file data.csv (CSV, N, CA and C atoms)
chain,number,residue,atom,x,y,z
W,1,MET,N,140.8,87.5,-20.4
W,1,MET,CA,141.5,87.1,-19.2
W,1,MET,C,142.8,87.9,-19.0
W,2,ASN,N,143.5,88.2,-20.1
W,2,ASN,CA,144.7,88.9,-20.1
W,2,ASN,C,144.5,90.3,-19.5
W,3,ILE,N,143.4,90.9,-19.7
W,3,ILE,CA,143.2,92.2,-19.1
W,3,ILE,C,143.0,92.1,-17.6
W,4,GLU,N,142.4,91.1,-17.1
W,4,GLU,CA,142.2,90.9,-15.7
W,4,GLU,C,143.6,90.7,-15.0
W,5,LYS,N,144.5,90.0,-15.7
W,5,LYS,CA,145.8,89.7,-15.2
W,5,LYS,C,146.6,91.1,-15.0
W,6,HIS,N,146.5,91.9,-16.0
W,6,HIS,CA,147.2,93.2,-16.0
W,6,HIS,C,146.5,94.1,-15.0
W,7,LEU,N,145.2,94.0,-14.8
W,7,LEU,CA,144.5,94.8,-13.8
W,7,LEU,C,145.0,94.4,-12.4
W,8,LYS,N,145.1,93.1,-12.2
W,8,LYS,CA,145.6,92.7,-10.8
W,8,LYS,C,147.0,93.1,-10.6
W,9,GLU,N,147.9,93.1,-11.6
W,9,GLU,CA,149.2,93.5,-11.4
W,9,GLU,C,149.3,95.0,-11.1
W,10,LEU,N,148.4,95.8,-11.8
W,10,LEU,CA,148.4,97.2,-11.5
W,10,LEU,C,147.9,97.5,-10.1
W,11,LEU,N,146.9,96.8,-9.6
W,11,LEU,CA,146.4,97.0,-8.3
W,11,LEU,C,147.4,96.5,-7.2
W,12,ILE,N,148.1,95.4,-7.5
W,12,ILE,CA,149.1,95.0,-6.5
W,12,ILE,C,150.2,96.0,-6.4
W,13,HIS,N,150.6,96.6,-7.6
W,13,HIS,CA,151.6,97.6,-7.6
W,13,HIS,C,151.2,98.9,-6.7
W,14,GLN,N,149.9,99.3,-6.9
W,14,GLN,CA,149.4,100.4,-6.2
W,14,GLN,C,149.3,100.1,-4.7
W,15,LEU,N,148.9,98.9,-4.3
W,15,LEU,CA,148.8,98.5,-2.9
W,15,LEU,C,150.2,98.5,-2.3
W,16,ARG,N,151.2,98.0,-3.0
W,16,ARG,CA,152.5,98.0,-2.4
W,16,ARG,C,153.0,99.4,-2.2
W,17,GLN,N,152.7,100.3,-3.1
W,17,GLN,CA,153.2,101.7,-2.9
W,17,GLN,C,152.5,102.3,-1.6
W,18,LYS,N,151.2,102.1,-1.5
W,18,LYS,CA,150.4,102.7,-0.4
W,18,LYS,C,150.8,102.1,0.9
W,19,LEU,N,150.9,100.8,1.0
W,19,LEU,CA,151.2,100.1,2.2
W,19,LEU,C,152.7,100.3,2.7
W,20,SER,N,153.6,100.5,1.7
W,20,SER,CA,155.0,100.7,2.1
W,20,SER,C,155.2,102.0,2.9
W,21,LYS,N,154.3,103.0,2.7
W,21,LYS,CA,154.4,104.2,3.5
W,21,LYS,C,154.0,103.9,4.9
W,22,LEU,N,153.2,102.9,5.2
W,22,LEU,CA,152.8,102.5,6.5
W,22,LEU,C,153.7,101.4,7.1
W,23,LYS,N,154.9,101.2,6.5
W,23,LYS,CA,155.8,100.2,6.9
W,23,LYS,C,155.2,98.8,6.8
W,24,GLN,N,154.4,98.5,5.8
W,24,GLN,CA,153.8,97.2,5.7
W,24,GLN,C,154.2,96.6,4.3
W,25,ASP,N,154.5,95.3,4.3
W,25,ASP,CA,154.9,94.7,3.0
W,25,ASP,C,153.7,93.9,2.5
W,26,VAL,N,153.7,93.7,1.2
W,26,VAL,CA,152.6,92.9,0.5
W,26,VAL,C,153.3,91.7,-0.2
W,27,GLU,N,152.9,90.5,0.2
W,27,GLU,CA,153.5,89.3,-0.5
W,27,GLU,C,152.4,88.6,-1.2
W,28,LEU,N,152.8,88.0,-2.3
W,28,LEU,CA,151.8,87.1,-3.0
W,28,LEU,C,151.6,85.8,-2.3
W,29,VAL,N,150.4,85.3,-2.2
W,29,VAL,CA,150.1,84.1,-1.6
W,29,VAL,C,150.3,82.9,-2.6
W,30,GLU,N,150.9,81.8,-2.1
W,30,GLU,CA,151.2,80.7,-3.1
W,30,GLU,C,149.9,80.1,-3.6
W,31,ASN,N,148.9,79.9,-2.8
W,31,ASN,CA,147.7,79.2,-3.3
W,31,ASN,C,146.5,80.2,-3.1
W,32,PRO,N,146.3,81.1,-4.0
W,32,PRO,CA,145.1,82.0,-3.9
W,32,PRO,C,143.8,81.3,-4.1
W,33,PRO,N,142.7,81.7,-3.6
W,33,PRO,CA,142.5,83.0,-2.9
W,33,PRO,C,142.9,82.9,-1.5
W,34,PRO,N,143.2,84.0,-0.8
W,34,PRO,CA,143.3,85.3,-1.2
W,34,PRO,C,144.6,85.5,-2.0
W,35,ASP,N,144.7,86.7,-2.6
W,35,ASP,CA,145.9,86.9,-3.5
W,35,ASP,C,147.1,87.4,-2.8
W,36,LEU,N,146.9,88.2,-1.7
W,36,LEU,CA,148.0,88.9,-1.1
W,36,LEU,C,148.0,88.7,0.4
W,37,LYS,N,149.2,88.8,1.0
W,37,LYS,CA,149.3,88.7,2.5
W,37,LYS,C,150.0,90.0,2.9
W,38,ILE,N,149.4,90.7,3.9
W,38,ILE,CA,149.9,92.0,4.4
W,38,ILE,C,150.8,91.6,5.6
W,39,MET,N,152.1,92.1,5.6
W,39,MET,CA,153.0,91.8,6.6
W,39,MET,C,153.6,93.1,7.2
W,40,SER,N,153.9,93.1,8.4
W,40,SER,CA,154.6,94.2,9.1
W,40,SER,C,155.6,93.6,10.1
W,41,TYR,N,156.9,93.8,9.8
W,41,TYR,CA,158.0,93.3,10.6
W,41,TYR,C,157.9,91.8,10.8
W,42,GLY,N,157.5,91.0,9.8
W,42,GLY,CA,157.4,89.6,9.8
W,42,GLY,C,156.1,89.0,10.4
W,43,VAL,N,155.2,89.9,10.8
W,43,VAL,CA,153.9,89.4,11.4
W,43,VAL,C,152.8,89.6,10.3
W,44,VAL,N,152.0,88.6,10.2
W,44,VAL,CA,150.9,88.7,9.2
W,44,VAL,C,149.8,89.5,9.8
W,45,LEU,N,149.4,90.6,9.2
W,45,LEU,CA,148.3,91.5,9.6
W,45,LEU,C,147.0,91.1,9.0
W,46,GLY,N,147.0,90.5,7.8
W,46,GLY,CA,145.8,90.2,7.2
W,46,GLY,C,146.0,89.8,5.7
W,47,TYR,N,144.9,89.6,5.1
W,47,TYR,CA,144.9,89.1,3.7
W,47,TYR,C,144.1,90.1,2.8
W,48,ILE,N,144.5,90.2,1.5
W,48,ILE,CA,143.7,90.9,0.6
W,48,ILE,C,143.4,90.0,-0.6
W,49,ASP,N,142.1,90.0,-1.0
W,49,ASP,CA,141.7,89.2,-2.2
W,49,ASP,C,141.2,90.2,-3.2
W,50,ILE,N,141.8,90.2,-4.4
W,50,ILE,CA,141.4,91.1,-5.5
W,50,ILE,C,140.4,90.3,-6.3
W,51,VAL,N,139.2,90.9,-6.4
W,51,VAL,CA,138.1,90.2,-7.1
W,51,VAL,C,137.8,91.0,-8.3
W,52,THR,N,137.7,90.3,-9.5
W,52,THR,CA,137.2,90.9,-10.7
W,52,THR,C,135.9,90.3,-11.0
W,53,GLU,N,135.2,90.8,-11.9
W,53,GLU,CA,133.8,90.3,-12.3
W,53,GLU,C,133.7,88.8,-12.5
W,54,LYS,N,134.8,88.3,-13.1
W,54,LYS,CA,134.7,86.9,-13.5
W,54,LYS,C,135.3,85.9,-12.5
W,55,THR,N,135.9,86.4,-11.4
W,55,THR,CA,136.6,85.6,-10.5
W,55,THR,C,135.7,85.2,-9.2
W,56,VAL,N,134.5,85.6,-9.1
W,56,VAL,CA,133.7,85.3,-8.0
W,56,VAL,C,133.2,83.9,-8.2
W,57,SER,N,133.5,83.0,-7.3
W,57,SER,CA,133.0,81.6,-7.4
W,57,SER,C,132.7,81.1,-6.0
W,58,ASN,N,132.0,79.9,-5.9
W,58,ASN,CA,131.7,79.3,-4.7
W,58,ASN,C,132.9,78.9,-3.9
W,59,GLN,N,133.9,78.4,-4.7
W,59,GLN,CA,135.2,78.0,-4.0
W,59,GLN,C,135.9,79.2,-3.4
W,60,ARG,N,135.9,80.4,-4.0
W,60,ARG,CA,136.5,81.6,-3.4
W,60,ARG,C,135.7,82.0,-2.2
W,61,ILE,N,134.4,82.0,-2.2
W,61,ILE,CA,133.6,82.3,-1.1
W,61,ILE,C,133.8,81.4,0.1
W,62,LYS,N,134.0,80.1,-0.2
W,62,LYS,CA,134.3,79.1,0.8
W,62,LYS,C,135.6,79.4,1.5
W,63,ARG,N,136.6,79.8,0.7
W,63,ARG,CA,137.9,80.1,1.2
W,63,ARG,C,137.8,81.3,2.1
W,64,TRP,N,137.0,82.3,1.7
W,64,TRP,CA,136.8,83.5,2.6
W,64,TRP,C,136.3,83.1,3.9
W,65,LYS,N,135.3,82.3,3.9
W,65,LYS,CA,134.7,81.8,5.2
W,65,LYS,C,135.7,81.1,6.1
W,66,GLU,N,136.5,80.3,5.5
W,66,GLU,CA,137.6,79.6,6.2
W,66,GLU,C,138.5,80.6,6.9
W,67,LEU,N,139.0,81.6,6.1
W,67,LEU,CA,139.9,82.6,6.7
W,67,LEU,C,139.3,83.4,7.8
W,68,VAL,N,138.0,83.8,7.6
W,68,VAL,CA,137.4,84.7,8.6
W,68,VAL,C,137.1,83.9,9.9
W,69,PHE,N,136.7,82.6,9.7
W,69,PHE,CA,136.3,81.9,10.9
W,69,PHE,C,137.6,81.3,11.6
W,70,SER,N,138.7,81.4,11.0
W,70,SER,CA,140.0,81.0,11.6
W,70,SER,C,140.6,82.2,12.4
W,71,GLY,N,140.0,83.4,12.3
W,71,GLY,CA,140.4,84.6,13.0
W,71,GLY,C,141.3,85.5,12.2
W,72,GLU,N,141.5,85.2,10.9
W,72,GLU,CA,142.3,86.1,10.1
W,72,GLU,C,141.5,87.3,9.6
W,73,LYS,N,142.2,88.4,9.4
W,73,LYS,CA,141.5,89.6,8.8
W,73,LYS,C,141.6,89.6,7.3
W,74,LEU,N,140.4,89.8,6.7
W,74,LEU,CA,140.3,89.7,5.3
W,74,LEU,C,139.7,91.0,4.7
W,75,THR,N,140.4,91.5,3.7
W,75,THR,CA,139.9,92.6,2.9
W,75,THR,C,139.7,92.1,1.5
W,76,VAL,N,138.5,92.4,1.0
W,76,VAL,CA,138.1,92.1,-0.4
W,76,VAL,C,138.2,93.4,-1.2
W,77,LEU,N,139.0,93.4,-2.2
W,77,LEU,CA,139.2,94.5,-3.1
W,77,LEU,C,138.5,94.3,-4.4
W,78,LEU,N,137.5,95.1,-4.7
W,78,LEU,CA,136.6,94.8,-5.9
W,78,LEU,C,136.3,96.1,-6.6
W,79,SER,N,135.8,96.0,-7.8
W,79,SER,CA,135.4,97.2,-8.5
W,79,SER,C,134.2,97.8,-7.9
W,80,LYS,N,134.1,99.1,-8.1
W,80,LYS,CA,133.0,99.9,-7.4
W,80,LYS,C,131.6,99.4,-7.9
W,81,GLU,N,131.5,98.9,-9.1
W,81,GLU,CA,130.2,98.4,-9.7
W,81,GLU,C,129.8,97.1,-9.0
W,82,GLU,N,130.8,96.3,-8.5
W,82,GLU,CA,130.5,95.0,-8.0
W,82,GLU,C,130.2,95.0,-6.5
W,83,LYS,N,130.4,96.2,-5.8
W,83,LYS,CA,130.3,96.2,-4.4
W,83,LYS,C,129.0,95.7,-3.8
W,84,LEU,N,127.9,96.1,-4.4
W,84,LEU,CA,126.5,95.7,-3.9
W,84,LEU,C,126.4,94.2,-4.1
W,85,LYS,N,126.7,93.7,-5.2
W,85,LYS,CA,126.6,92.2,-5.5
W,85,LYS,C,127.4,91.4,-4.4
W,86,ILE,N,128.7,91.8,-4.2
W,86,ILE,CA,129.5,91.0,-3.3
W,86,ILE,C,129.0,91.2,-1.9
W,87,THR,N,128.6,92.4,-1.5
W,87,THR,CA,128.1,92.7,-0.2
W,87,THR,C,126.9,91.8,0.1
W,88,GLU,N,126.0,91.6,-0.8
W,88,GLU,CA,124.8,90.7,-0.7
W,88,GLU,C,125.3,89.3,-0.5
W,89,ILE,N,126.3,88.9,-1.2
W,89,ILE,CA,126.8,87.5,-1.1
W,89,ILE,C,127.4,87.3,0.3
W,90,LEU,N,128.2,88.3,0.8
W,90,LEU,CA,128.8,88.2,2.1
W,90,LEU,C,127.7,88.2,3.2
W,91,TRP,N,126.6,88.9,3.1
W,91,TRP,CA,125.5,88.9,4.1
W,91,TRP,C,124.9,87.5,4.1
W,92,LYS,N,124.6,87.0,2.9
W,92,LYS,CA,124.0,85.7,2.7
W,92,LYS,C,124.8,84.6,3.4
W,93,GLU,N,126.2,84.7,3.3
W,93,GLU,CA,127.1,83.7,3.9
W,93,GLU,C,127.3,83.9,5.3
W,94,GLY,N,126.9,85.1,5.9
W,94,GLY,CA,127.1,85.4,7.3
W,94,GLY,C,128.4,85.9,7.7
W,95,ILE,N,129.2,86.5,6.8
W,95,ILE,CA,130.5,87.0,7.1
W,95,ILE,C,130.7,88.5,6.7
W,96,ALA,N,129.6,89.1,6.4
W,96,ALA,CA,129.7,90.5,6.0
W,96,ALA,C,130.3,91.4,7.1
W,97,GLU,N,130.0,91.2,8.3
W,97,GLU,CA,130.5,92.1,9.4
W,97,GLU,C,132.0,91.8,9.7
W,98,LYS,N,132.5,90.7,9.2
W,98,LYS,CA,133.9,90.3,9.5
W,98,LYS,C,134.9,90.5,8.3
W,99,VAL,N,134.3,91.0,7.2
W,99,VAL,CA,135.2,91.2,6.0
W,99,VAL,C,135.1,92.7,5.7
W,100,SER,N,136.3,93.2,5.4
W,100,SER,CA,136.4,94.6,5.0
W,100,SER,C,136.3,94.7,3.5
W,101,ILE,N,135.7,95.7,3.0
W,101,ILE,CA,135.6,95.8,1.5
W,101,ILE,C,136.3,97.1,1.1
W,102,GLY,N,137.2,96.9,0.1
W,102,GLY,CA,137.8,98.1,-0.6
W,102,GLY,C,137.4,98.1,-2.0
W,103,THR,N,137.3,99.3,-2.6
W,103,THR,CA,136.9,99.4,-4.0
W,103,THR,C,137.9,100.1,-4.8
W,104,TYR,N,137.9,99.8,-6.1
W,104,TYR,CA,138.8,100.5,-7.1
W,104,TYR,C,137.9,100.9,-8.2
W,105,GLU,N,138.4,102.0,-8.9
W,105,GLU,CA,137.6,102.5,-10.0
W,105,GLU,C,138.7,103.1,-11.0
W,106,ILE,N,138.5,102.7,-12.3
W,106,ILE,CA,139.4,103.3,-13.3
W,106,ILE,C,138.6,104.3,-14.0
W,107,VAL,N,139.1,105.5,-14.0
W,107,VAL,CA,138.4,106.7,-14.6
W,107,VAL,C,139.4,107.3,-15.7
W,108,LEU,N,138.9,107.4,-16.9
W,108,LEU,CA,139.7,108.0,-17.9
W,108,LEU,C,139.0,109.4,-18.3
W,109,LEU,N,139.7,110.4,-18.2
W,109,LEU,CA,139.2,111.7,-18.5
W,109,LEU,C,139.9,112.2,-19.8
W,110,LEU,N,139.2,112.5,-20.8
W,110,LEU,CA,139.8,113.0,-22.0
W,110,LEU,C,139.3,114.4,-22.2
W,111,PRO,N,140.3,115.2,-22.8
W,111,PRO,CA,139.9,116.6,-23.1
W,111,PRO,C,138.9,116.8,-24.1

call {"tool": "encode", "arguments": {"input": "data.csv", "output": "structure tokens"}}
result
Amino acid sequence: MNIEKHLKELLIHQLRQKLSKLKQDVELVENPPPDLKIMSYGVVLGYIDIVTEKTVSNQRIKRWKELVFSGEKLTVLLSKEEKLKITEILWKEGIAEKVSIGTYEIVLLLP
């Protein structure tokens, strides 16, 4: 679990760097999921939920459905290996076309 916490912190740091170039702020959400709120000049643009292998649950999927059906933009950020599995879940729940999917991959190259 400690590794997942550090992975989320790393991803949040990287997202803040990338989105700051677009004049967008990233704020932590008080009651996750989702984990992050994307803001620009005080306006909420959408939400990002960082998903690791062990964090997919029925409660999380239910929360995604609530956000999407309330008109909010949701991006799910997950590992490249989990993309197919999560996409199938999103199709089964009927929200695949309303949720954006982002992936991350950690690659270590040694000489």

call {"tool": "select_by_dssp", "arguments": {"input": "data.csv", "residues": "range 70-105 of chain W", "states": "strand (DSSP E)", "output": "PyMOL selection string"}}
result
chain W and resi 74-79+99-104

call {"tool": "atom_distance", "arguments": {"input": "data.csv", "atom1": "atom C of Ile101 in chain W", "atom2": "atom C of Glu82 in chain W"}}
result
10.0 Å

call {"tool": "atom_distance", "arguments": {"input": "data.csv", "atom1": "atom C of Lys83 in chain W", "atom2": "atom N of Val26 in chain W"}}
result
25.3 Å

call {"tool": "select_by_dssp", "arguments": {"input": "data.csv", "residues": "chain W", "states": "helix (DSSP H, G or I)", "output": "MDAnalysis selection string"}}
result
chainID W and resid 2:20 58:69 80:93 96:98

call {"tool": "write_last_selection", "arguments": {"input": "data.csv", "atoms": "N, CA and C atoms", "output": "short mmCIF file (atom, residue, chain, number, x, y, z; two decimals), keeping the file's coordinate frame"}}
result
data_model
loop_
_atom_site.label_atom_id
_atom_site.label_comp_id
_atom_site.auth_asym_id
_atom_site.auth_seq_id
_atom_site.Cartn_x
_atom_site.Cartn_y
_atom_site.Cartn_z
N ASN W 2 143.50 88.20 -20.10
CA ASN W 2 144.70 88.90 -20.10
C ASN W 2 144.50 90.30 -19.50
N ILE W 3 143.40 90.90 -19.70
CA ILE W 3 143.20 92.20 -19.10
C ILE W 3 143.00 92.10 -17.60
N GLU W 4 142.40 91.10 -17.10
CA GLU W 4 142.20 90.90 -15.70
C GLU W 4 143.60 90.70 -15.00
N LYS W 5 144.50 90.00 -15.70
CA LYS W 5 145.80 89.70 -15.20
C LYS W 5 146.60 91.10 -15.00
N HIS W 6 146.50 91.90 -16.00
CA HIS W 6 147.20 93.20 -16.00
C HIS W 6 146.50 94.10 -15.00
N LEU W 7 145.20 94.00 -14.80
CA LEU W 7 144.50 94.80 -13.80
C LEU W 7 145.00 94.40 -12.40
N LYS W 8 145.10 93.10 -12.20
CA LYS W 8 145.60 92.70 -10.80
C LYS W 8 147.00 93.10 -10.60
N GLU W 9 147.90 93.10 -11.60
CA GLU W 9 149.20 93.50 -11.40
C GLU W 9 149.30 95.00 -11.10
N LEU W 10 148.40 95.80 -11.80
CA LEU W 10 148.40 97.20 -11.50
C LEU W 10 147.90 97.50 -10.10
N LEU W 11 146.90 96.80 -9.60
CA LEU W 11 146.40 97.00 -8.30
C LEU W 11 147.40 96.50 -7.20
N ILE W 12 148.10 95.40 -7.50
CA ILE W 12 149.10 95.00 -6.50
C ILE W 12 150.20 96.00 -6.40
N HIS W 13 150.60 96.60 -7.60
CA HIS W 13 151.60 97.60 -7.60
C HIS W 13 151.20 98.90 -6.70
N GLN W 14 149.90 99.30 -6.90
CA GLN W 14 149.40 100.40 -6.20
C GLN W 14 149.30 100.10 -4.70
N LEU W 15 148.90 98.90 -4.30
CA LEU W 15 148.80 98.50 -2.90
C LEU W 15 150.20 98.50 -2.30
N ARG W 16 151.20 98.00 -3.00
CA ARG W 16 152.50 98.00 -2.40
C ARG W 16 153.00 99.40 -2.20
N GLN W 17 152.70 100.30 -3.10
CA GLN W 17 153.20 101.70 -2.90
C GLN W 17 152.50 102.30 -1.60
N LYS W 18 151.20 102.10 -1.50
CA LYS W 18 150.40 102.70 -0.40
C LYS W 18 150.80 102.10 0.90
N LEU W 19 150.90 100.80 1.00
CA LEU W 19 151.20 100.10 2.20
C LEU W 19 152.70 100.30 2.70
N SER W 20 153.60 100.50 1.70
CA SER W 20 155.00 100.70 2.10
C SER W 20 155.20 102.00 2.90
N ASN W 58 132.00 79.90 -5.90
CA ASN W 58 131.70 79.30 -4.70
C ASN W 58 132.90 78.90 -3.90
N GLN W 59 133.90 78.40 -4.70
CA GLN W 59 135.20 78.00 -4.00
C GLN W 59 135.90 79.20 -3.40
N ARG W 60 135.90 80.40 -4.00
CA ARG W 60 136.50 81.60 -3.40
C ARG W 60 135.70 82.00 -2.20
N ILE W 61 134.40 82.00 -2.20
CA ILE W 61 133.60 82.30 -1.10
C ILE W 61 133.80 81.40 0.10
N LYS W 62 134.00 80.10 -0.20
CA LYS W 62 134.30 79.10 0.80
C LYS W 62 135.60 79.40 1.50
N ARG W 63 136.60 79.80 0.70
CA ARG W 63 137.90 80.10 1.20
C ARG W 63 137.80 81.30 2.10
N TRP W 64 137.00 82.30 1.70
CA TRP W 64 136.80 83.50 2.60
C TRP W 64 136.30 83.10 3.90
N LYS W 65 135.30 82.30 3.90
CA LYS W 65 134.70 81.80 5.20
C LYS W 65 135.70 81.10 6.10
N GLU W 66 136.50 80.30 5.50
CA GLU W 66 137.60 79.60 6.20
C GLU W 66 138.50 80.60 6.90
N LEU W 67 139.00 81.60 6.10
CA LEU W 67 139.90 82.60 6.70
C LEU W 67 139.30 83.40 7.80
N VAL W 68 138.00 83.80 7.60
CA VAL W 68 137.40 84.70 8.60
C VAL W 68 137.10 83.90 9.90
N PHE W 69 136.70 82.60 9.70
CA PHE W 69 136.30 81.90 10.90
C PHE W 69 137.60 81.30 11.60
N LYS W 80 134.10 99.10 -8.10
CA LYS W 80 133.00 99.90 -7.40
C LYS W 80 131.60 99.40 -7.90
N GLU W 81 131.50 98.90 -9.10
CA GLU W 81 130.20 98.40 -9.70
C GLU W 81 129.80 97.10 -9.00
N GLU W 82 130.80 96.30 -8.50
CA GLU W 82 130.50 95.00 -8.00
C GLU W 82 130.20 95.00 -6.50
N LYS W 83 130.40 96.20 -5.80
CA LYS W 83 130.30 96.20 -4.40
C LYS W 83 129.00 95.70 -3.80
N LEU W 84 127.90 96.10 -4.40
CA LEU W 84 126.50 95.70 -3.90
C LEU W 84 126.40 94.20 -4.10
N LYS W 85 126.70 93.70 -5.20
CA LYS W 85 126.60 92.20 -5.50
C LYS W 85 127.40 91.40 -4.40
N ILE W 86 128.70 91.80 -4.20
CA ILE W 86 129.50 91.00 -3.30
C ILE W 86 129.00 91.20 -1.90
N THR W 87 128.60 92.40 -1.50
CA THR W 87 128.10 92.70 -0.20
C THR W 87 126.90 91.80 0.10
N GLU W 88 126.00 91.60 -0.80
CA GLU W 88 124.80 90.70 -0.70
C GLU W 88 125.30 89.30 -0.50
N ILE W 89 126.30 88.90 -1.20
CA ILE W 89 126.80 87.50 -1.10
C ILE W 89 127.40 87.30 0.30
N LEU W 90 128.20 88.30 0.80
CA LEU W 90 128.80 88.20 2.10
C LEU W 90 127.70 88.20 3.20
N TRP W 91 126.60 88.90 3.10
CA TRP W 91 125.50 88.90 4.10
C TRP W 91 124.90 87.50 4.10
N LYS W 92 124.60 87.00 2.90
CA LYS W 92 124.00 85.70 2.70
C LYS W 92 124.80 84.60 3.40
N GLU W 93 126.20 84.70 3.30
CA GLU W 93 127.10 83.70 3.90
C GLU W 93 127.30 83.90 5.30
N ALA W 96 129.60 89.10 6.40
CA ALA W 96 129.70 90.50 6.00
C ALA W 96 130.30 91.40 7.10
N GLU W 97 130.00 91.20 8.30
CA GLU W 97 130.50 92.10 9.40
C GLU W 97 132.00 91.80 9.70
N LYS W 98 132.50 90.70 9.20
CA LYS W 98 133.90 90.30 9.50
C LYS W 98 134.90 90.50 8.30
#

call {"tool": "atom_distance", "arguments": {"input": "data.csv", "atom1": "CA of Leu84 in chain W", "atom2": "atom C of Ile50 in chain W"}}
result
15.1 Å

call {"tool": "closest_residue", "arguments": {"input": "data.csv", "among": "W:Val99, W:Leu36, W:Ile12, W:Leu108", "to": "Phe69 in chain W", "atoms": "only C-alpha atoms"}}
result
W:Val99

call {"tool": "closest_residue", "arguments": {"input": "data.csv", "among": "W:Ser79, W:Gln24, W:Ser70, W:Asn31", "to": "Glu53 in chain W", "atoms": "all atoms listed in the file"}}
result
W:Ser79

call {"tool": "residues_around", "arguments": {"input": "data.csv", "residues": "range 57-63 of chain W", "least_positions_apart": "6", "cutoff": "8 Å", "atoms": "only N, CA and C atoms", "output": "ChimeraX atom specification"}}
result
/W:32-34,69

call {"tool": "residues_around", "arguments": {"input": "data.csv", "residues": "Gly46 in chain W", "least_positions_apart": "4", "cutoff": "10 Å", "atoms": "only C-alpha atoms", "output": "VMD selection string"}}
result
chain W and resid 26 36 to 40 67 71 to 75

call {"tool": "closest_residue", "arguments": {"input": "data.csv", "among": "W:Ile3, W:Leu11, W:Val29, W:Leu19", "to": "Tyr104 in chain W", "atoms": "only C-alpha atoms"}}
result
W:Leu11

call {"tool": "decode", "arguments": {"input": "data.csv", "residues": "range 90-104 of chain W", "atoms": "N, CA and C atoms", "output": "PDB file, in the first residue's frame"}}
result
ATOM      1  N   LEU W  90     -16.160   0.022 -17.860  1.00  0.00           N
ATOM      2  CA  LEU W  90     -16.864   1.247 -18.236  1.00  0.00           C
ATOM      3  C   LEU W  90     -17.953   0.970 -19.268  1.00  0.00           C
ATOM      4  N   TRP W  91     -17.676   0.085 -20.242  1.00  0.00           N
ATOM      5  CA  TRP W  91     -18.697  -0.281 -21.230  1.00  0.00           C
ATOM      6  C   TRP W  91     -19.855  -1.014 -20.565  1.00  0.00           C
ATOM      7  N   LYS W  92     -19.530  -1.907 -19.656  1.00  0.00           N
ATOM      8  CA  LYS W  92     -20.566  -2.666 -18.965  1.00  0.00           C
ATOM      9  C   LYS W  92     -21.481  -1.735 -18.166  1.00  0.00           C
ATOM     10  N   GLU W  93     -20.913  -0.688 -17.578  1.00  0.00           N
ATOM     11  CA  GLU W  93     -21.680   0.260 -16.772  1.00  0.00           C
ATOM     12  C   GLU W  93     -22.376   1.330 -17.623  1.00  0.00           C
ATOM     13  N   GLY W  94     -22.065   1.385 -18.923  1.00  0.00           N
ATOM     14  CA  GLY W  94     -22.712   2.332 -19.822  1.00  0.00           C
ATOM     15  C   GLY W  94     -22.157   3.740 -19.781  1.00  0.00           C
ATOM     16  N   ILE W  95     -20.926   3.903 -19.333  1.00  0.00           N
ATOM     17  CA  ILE W  95     -20.340   5.254 -19.249  1.00  0.00           C
ATOM     18  C   ILE W  95     -19.027   5.381 -20.023  1.00  0.00           C
ATOM     19  N   ALA W  96     -18.700   4.404 -20.831  1.00  0.00           N
ATOM     20  CA  ALA W  96     -17.410   4.413 -21.531  1.00  0.00           C
ATOM     21  C   ALA W  96     -17.253   5.609 -22.460  1.00  0.00           C
ATOM     22  N   GLU W  97     -18.315   6.012 -23.130  1.00  0.00           N
ATOM     23  CA  GLU W  97     -18.202   7.130 -24.066  1.00  0.00           C
ATOM     24  C   GLU W  97     -18.153   8.483 -23.362  1.00  0.00           C
ATOM     25  N   LYS W  98     -18.433   8.510 -22.055  1.00  0.00           N
ATOM     26  CA  LYS W  98     -18.455   9.767 -21.313  1.00  0.00           C
ATOM     27  C   LYS W  98     -17.236   9.954 -20.408  1.00  0.00           C
ATOM     28  N   VAL W  99     -16.378   8.946 -20.340  1.00  0.00           N
ATOM     29  CA  VAL W  99     -15.192   9.000 -19.478  1.00  0.00           C
ATOM     30  C   VAL W  99     -13.944   8.981 -20.349  1.00  0.00           C
ATOM     31  N   SER W 100     -13.030   9.914 -20.068  1.00  0.00           N
ATOM     32  CA  SER W 100     -11.739   9.914 -20.767  1.00  0.00           C
ATOM     33  C   SER W 100     -10.777   9.018 -20.001  1.00  0.00           C
ATOM     34  N   ILE W 101      -9.911   8.340 -20.736  1.00  0.00           N
ATOM     35  CA  ILE W 101      -8.947   7.445 -20.109  1.00  0.00           C
ATOM     36  C   ILE W 101      -7.545   7.924 -20.436  1.00  0.00           C
ATOM     37  N   GLY W 102      -6.749   8.093 -19.385  1.00  0.00           N
ATOM     38  CA  GLY W 102      -5.339   8.412 -19.528  1.00  0.00           C
ATOM     39  C   GLY W 102      -4.536   7.262 -18.946  1.00  0.00           C
ATOM     40  N   THR W 103      -3.362   7.027 -19.486  1.00  0.00           N
ATOM     41  CA  THR W 103      -2.548   5.923 -18.985  1.00  0.00           C
ATOM     42  C   THR W 103      -1.178   6.423 -18.543  1.00  0.00           C
ATOM     43  N   TYR W 104      -0.583   5.669 -17.656  1.00  0.00           N
ATOM     44  CA  TYR W 104       0.792   5.921 -17.259  1.00  0.00           C
ATOM     45  C   TYR W 104       1.555   4.618 -17.336  1.00  0.00           C
TER      46      TYR W 104
END
